[in-house]
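J.: Just dropping this structure here.
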2 protein chains.
Amino acid sequence: MAMEQEINTESTILKAAKEIFIKKGFDGTTMKDIAGKAGINKSLLHYYYRSKENLFRKVLGEAFKQFIPVVNKTMMTDISFFEKIEIFVETYIDMITENPYIPGFVLQELNRNPKGITELIENFRGYIKNNALELINEQIQKEVNAGIINPVKPQHLITNLIALLIFPFVARPILQTIIFNNDVELYNMFLKERKKEVVKFIINSIKKK
Amino acid sequence: MAMEQEINTESTILKAAKEIFIKKGFDGTTMKDIAGKAGINKSLLHYYYRSKENLFRKVLGEAFKQFIPVVNKTMMTDISFFEKIEIFVETYIDMITENPYIPGFVLQELNRNPKGITELIENFRGYIKNNALELINEQIQKEVNAGIINPVKPQHLITNLIALLIFPFVARPILQTIIFNNDVELYNMFLKERKKEVVKFIINSIKKK
DNA sequence: GTCTATACACTGATAGAC
DNA sequence: GTCTATCAGTGTATAGAC
């Protein structure tokens, strides 16, 4: 799959739309901005995408879609539970590092329009291994029963894992300022360190001693 | 302090502005919406606050200010480190539960206008015990030296703590949908559980065994 | 202080020429 | 397919009467 993206007006528009929507959100973006970035006039946006709302949905969908395969792939691999956590954390942080604005963009949008999630999930049923969550729950339960990890509700463990991964990116401006005196390079190093730090933090917490 | 808020036009406007700005952000809010909510006409908004930007800053400032005393108070109290974590988590979750939109609002705004943070912090220098962070660092170091907790960089511990607290609120729409099948009551219970769960998770992770 | 009326720029979207 | 011209609506902000 992953075919070469043809460079035509339609894809140029989408690319420009992505950049601006993801940085500025729905309300903060104007069709004029997008047209300008794409180097064309406003009419063409409507010619190809009919409305702002419609164009936005395409962008949101693609942003969302990008993060699905990581979960699927990691969870389906046949490795130990602790290794899974390690791989997941590493892949996920790499991914956000390359697209640092996406998590904030998705969160913001889902707060603006919570109904949009249902629609979003419907649209990607095919991509999501619909039993992925089920599998994670089973695996956690198995590790608990085997006495490898302490009893823990899967909902909390999953939430903790994702929170530890994503939060430093969505809260970067304030954390960087308050904790790192606004030193950009120091914060980048901090984010890299978290690959090992988060894994250590989680496993330390749940591993039966 | 904490004087009775007089009910006059000025405070009515601010209250209405808070509600709408916090839910919809700067770009998503119109002066007409605020005037409508306050039950007055648009002109009065400008009479009292001169501009949208200005009114917004007042709202952002108050939202930000609300969360400062929790840190100060908890950190200055003379109790053990683990107790501090416990008190902090409990107070903080209670606070966000009562103002669930504020963290998302602040994060969104600081991403929209990162320069705003510096200004914000300047404005509240008086409120922030400017050595609070220093004190936390010292205390963590002390616990490490005493062999009570494992070595951990304060930056990571602080980030982890805040991430675990705030993330379930800012990501509520998506977590509630995916993990809890959109059951509101179940999610409220989940949030309550986190008071104990987060404390356990953190202490488990750092406590030397 | 509070209102109505209005200025003026900009928004998303459409019509129609090429 | 791509452009220019333009629409109707809405945005913030101000002027001026009371």
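Chain labels A, B, ... are given in the sequence in which chains occur in the structure tokens; within each chain residues are numbered consecutively from 1, and ligands are likewise numbered from 1 in the order shown.
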Could you list, as a PyMOL selection string, every residue within 12 Å of DA17 of chain C, counting only C-alpha atoms (C1' of nucleotides) and ignoring same-chain residues fewer than 3 positions away?
T.: chain D and resi 2-5
J.: Just C-alpha atoms (C1' of nucleotides) for this one: save the residues we selected as a PDB file, in the first residue's frame.
T.:
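Full text of result-v4.pdb as output:
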```pdb
ATOM      1  C1'  DT D   2      -8.911  27.562 -12.510  1.00  0.00           C
ATOM      2  C1'  DC D   3      -9.771  32.136 -12.259  1.00  0.00           C
ATOM      3  C1'  DT D   4     -12.258  36.922 -10.825  1.00  0.00           C
ATOM      4  C1'  DA D   5     -16.111  39.019  -8.933  1.00  0.00           C
TER       5       DA D   5
END
```
J.: Each residue of chain B lying at most 9 Å from chain D should get a row with its shortest atom-to-atom pair and the distance in Å to one decimal, counting only C-alpha atoms (C1' of nucleotides); could you produce that, ordered by chain and increasing number, as a tab-separated table?
T.:
```
residue	atom	partner	partner_atom	distance
B:Thr30	CA	D:DG11	C1'	7.7
B:Met31	CA	D:DT12	C1'	7.8
B:Ser43	CA	D:DA13	C1'	8.4
B:His46	CA	D:DA13	C1'	7.6
B:Arg50	CA	D:DA13	C1'	8.8
B:Ser51	CA	D:DA13	C1'	7.9
B:Lys52	CA	D:DT12	C1'	7.8
```
J.: Kindly determine which residues of chain C lie within 12 Å of chain B, considering only C-alpha atoms (C1' of nucleotides), and give the answer as a PyMOL selection string.
T.: chain C and resi 1-5
J.: Given the selection you just returned, output its residues as a file containing C-alpha atoms (C1' of nucleotides), formatted as an mmCIF file, in the first residue's frame.
T.:
```cif
data_model
loop_
_atom_site.group_PDB
_atom_site.id
_atom_site.type_symbol
_atom_site.label_atom_id
_atom_site.label_comp_id
_atom_site.auth_asym_id
_atom_site.auth_seq_id
_atom_site.Cartn_x
_atom_site.Cartn_y
_atom_site.Cartn_z
ATOM 1 C "C1'" DG C 1 -24.186 53.293 32.368
ATOM 2 C "C1'" DT C 2 -26.999 51.463 28.950
ATOM 3 C "C1'" DC C 3 -29.061 51.456 24.763
ATOM 4 C "C1'" DT C 4 -29.575 51.553 19.204
ATOM 5 C "C1'" DA C 5 -27.450 52.220 15.032
#
```
J.: Dump as a list in words the residues of chain A that approach chain B to within 7 Å, counting only C-alpha atoms.
T.: Lys24, Asp27, Gly28, Leu107, Gln108, Leu110, Asn111, Arg112, Pro114, Ile117, Gln155, Asn160, Ala163, Leu164, Phe167, Ala171, Pro173, Ile174, Ile179, Phe201, Ile202, Asn204 and Ser205 of chain A
J.: Taking the chain letters and numbering used in this document, name the residues of segment 76-168 of chain A that DSSP puts in helix (DSSP H, G or I), as a PyMOL selection string.
T.: chain A and resi 76+81-98+102-112+115-123+132-145+154-168
J.: If we count only C-alpha atoms (C1' of nucleotides), what is near segment 89-99 of chain A at a cut-off of 6 Å, once residues fewer than 3 positions away on the same chain are taken out, given as a ChimeraX atom specification?
T.: /A:86,102,195
J.: For the selection just defined, write its residues with N, CA and C atoms to a file, as a short mmCIF file (atom, residue, chain, number, x, y, z; two decimals), in the first residue's frame.
T.:
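Written output follows (selection_8.cif):
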```cif
data_model
loop_
_atom_site.label_atom_id
_atom_site.label_comp_id
_atom_site.auth_asym_id
_atom_site.auth_seq_id
_atom_site.Cartn_x
_atom_site.Cartn_y
_atom_site.Cartn_z
N GLU A 86 7.39 -1.78 26.38
CA GLU A 86 8.61 -1.11 25.93
C GLU A 86 8.52 -0.69 24.46
N ILE A 102 -0.23 16.84 16.60
CA ILE A 102 -1.43 16.04 16.36
C ILE A 102 -2.20 15.68 17.64
N LYS A 195 11.45 7.89 26.94
CA LYS A 195 11.31 6.54 26.39
C LYS A 195 11.66 5.51 27.46
#
```
J.: Quick one: distance from atom CA of Lys37 of chain A to atom CA of Pro100 of chain A in Å, one decimal?
T.: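 These atoms are spaced 20.2 Å apart.
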J.: In Å, how far is it from atom C1' of DT6 of chain C to atom CA of Glu53 of chain B?
T.: 22.3 Å
J.: Under the rule that only C-alpha atoms are counted, which of B:Ile128, B:Leu14, B:Ile136, B:Ile7 is the nearest residue to Arg57 of chain B?
T.: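 Distance minimum relative to Arg57 of chain B lands on B:Leu14.
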J.: Quote the spacing between atom CA of Phe169 of chain B and atom CA of Tyr187 of chain B in Å to one decimal place.
T.: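 These atoms are spaced 10.2 Å apart.
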